[in-house]
Amino acid sequence: MDLIAVLVGFGVGAIVGMTGVGGGSLMTPLMMGVFGLPPAVAIGTDLWFAGLTKISGSVAHWRHKHIDNRILLQLLAGSLPAAIAMVALMHLTGITKAWGSALTFSLGIALLLTALVVAFKSTWHRLGLRLERWLPERRKAGWTVASGVLLGVLVSITSIGAGAIGATLILLLHPRLETRRLVGTDIAHAVPLTLVAAIGHATLGHVDWALLATLLIGSIPGIWVGAQLTRRMPERLVRGLLCASLLGAGFKVIH
């Protein structure tokens with residue numbers, strides 16, 4: 001099982017290295033399907049996996065000044081309180097069967113939503129430019145905070161959303177932001193959000209620490225290999241395979 005965990009970590013890391021997305025989206029259903037973890041434990045473990053694997057990327061973007069601090073702070077103003085509130089709610093109510101069902105259903109919906117986001121990546125930029133007609137600059141701050149709230153809730157109950165969905169929301173609200181600054185801001189926001197939610201799940205006992213360590217051992221070289229393969233594999237093919245995987249996992253989780 002340890003070897004399987006290393007290979008799973010390597011495979012997911014390679015996908016992240018090739019596409020920049022797919023870590024949380026694929027890891028949580030794999031933890032449930034391959035390792036038999038309950039939804040809450042799979043989500044908590046994946047939050048730690050996502051947060052720790054994105055730290056180095058966040059630091060690199062910070063050094064290269066690829067982060068829009070204003071947008072980052074607006075997102076965090078919404079996402080961190082929302083994540084803390086969701087974890088507090090879980091503490092107050094306990095993880096009942098109803099919570100388990102809600103977590104599983106939310107995970108399935110988040111997987112399908114991520115597949116939609118990845119499949120129509122180029123469309124969101126055009127839509128964002130059109131939205132500028134009805135969304136003046138003075139209102140963008142409020143909508144960015146609201147987006148953070150949505151991401152905080154989504155990430156806390158599914159471990160999914162801080163990557164592809166977060167980047168899409170930034171793109172819709174700030175379509176003229178440079179791509180490198182969009183990616184850097186998205187990653188910089190994902191790290192504190194996922195780690196805050198991860199700490200919350202850890203206080204609930206929702207983390208398989210041994211499995212997490214083994215997955216990380218495989219993911220580190222996987223991300224490097226994936227980054228090298230990006231130059232050789234057509235992006236459309238990679239994203240098509242990723243979308244198919246997300247759709248399959250989403251429908252399986254819901255059913």
# chains A, B, ... in the order shown; residues from 1 in each chain; ligands from 1
>>> residues_around(residues="Trp124 (chain A)", least_positions_apart="5", cutoff="9 Å", atoms="only C-alpha atoms", output="PyMOL selection string")
chain A and resi 117+129+168-169+171-172+175
>>> closest_residue(among="A:Ala164, A:Leu195, A:Leu150, A:Ala141", to="Leu72 (chain A)", atoms="only C-alpha atoms")
A:Ala141
>>> closest_atom_pairs(of="region 127-242 of chain A", to="region 2-8 of chain A", cutoff="6 Å", atoms="only C-alpha atoms", output="Markdown table")
| residue | atom | partner | partner_atom | distance |
| --- | --- | --- | --- | --- |
| A:Thr214 | CA | A:Val6 | CA | 5.7 |
| A:Leu215 | CA | A:Val6 | CA | 5.2 |
| A:Gly218 | CA | A:Val6 | CA | 4.4 |
>>> write_last_selection(atoms="C-alpha atoms", output="tab-separated table (two decimals), in the first residue's frame")
chain	number	residue	atom	x	y	z
A	214	THR	CA	3.82	8.83	1.68
A	215	LEU	CA	1.84	10.78	-0.93
A	218	GLY	CA	5.80	10.64	-4.53
>>> residues_around(residues="Ser58 (chain A)", least_positions_apart="6", cutoff="8 Å", atoms="only C-alpha atoms", output="ChimeraX atom specification")
/A:184,187-188,191
>>> write_last_selection(atoms="C-alpha atoms", output="PDB file, in the first residue's frame")
ATOM      1  CA  GLY A 184       0.764  33.859  -8.766  1.00  0.00           C
ATOM      2  CA  ILE A 187      -1.442  30.143  -5.718  1.00  0.00           C
ATOM      3  CA  ALA A 188      -0.592  32.689  -3.008  1.00  0.00           C
ATOM      4  CA  VAL A 191      -1.726  28.258   0.461  1.00  0.00           C
TER       5      VAL A 191
END
>>> select_by_dssp(residues="region 24-255 of chain A", states="helix (DSSP H, G or I)", output="PyMOL selection string")
chain A and resi 24-33+39-63+69-93+97-119+121-131+137-158+164-173+179-203+209-229+235-254
>>> closest_residue(among="A:Val12, A:Ala198, A:Thr53, A:Gly205", to="Val155 (chain A)", atoms="only C-alpha atoms")
A:Ala198
>>> closest_residue(among="A:Ala82, A:Leu154, A:Val59, A:Leu89", to="Ile43 (chain A)", atoms="only C-alpha atoms")
A:Leu154
>>> closest_atom_pairs(of="region 170-208 of chain A", to="region 94-108 of chain A", cutoff="12 Å", atoms="only C-alpha atoms", output="JSON lines")
{"residue": "A:His201", "atom": "CA", "partner": "A:Ile95", "partner_atom": "CA", "distance": 10.9}
{"residue": "A:Thr203", "atom": "CA", "partner": "A:Gly94", "partner_atom": "CA", "distance": 12.0}
{"residue": "A:Leu204", "atom": "CA", "partner": "A:Gly94", "partner_atom": "CA", "distance": 8.8}
{"residue": "A:Gly205", "atom": "CA", "partner": "A:Ile95", "partner_atom": "CA", "distance": 10.7}
{"residue": "A:His206", "atom": "CA", "partner": "A:Ile95", "partner_atom": "CA", "distance": 10.2}
>>> write_last_selection(atoms="C-alpha atoms", output="CSV table (one decimal), in the first residue's frame")
chain,number,residue,atom,x,y,z
A,201,HIS,CA,-9.9,19.4,9.9
A,203,THR,CA,-8.6,19.4,15.1
A,204,LEU,CA,-11.5,17.2,14.1
A,205,GLY,CA,-9.2,14.2,13.6
A,206,HIS,CA,-9.7,14.2,9.8
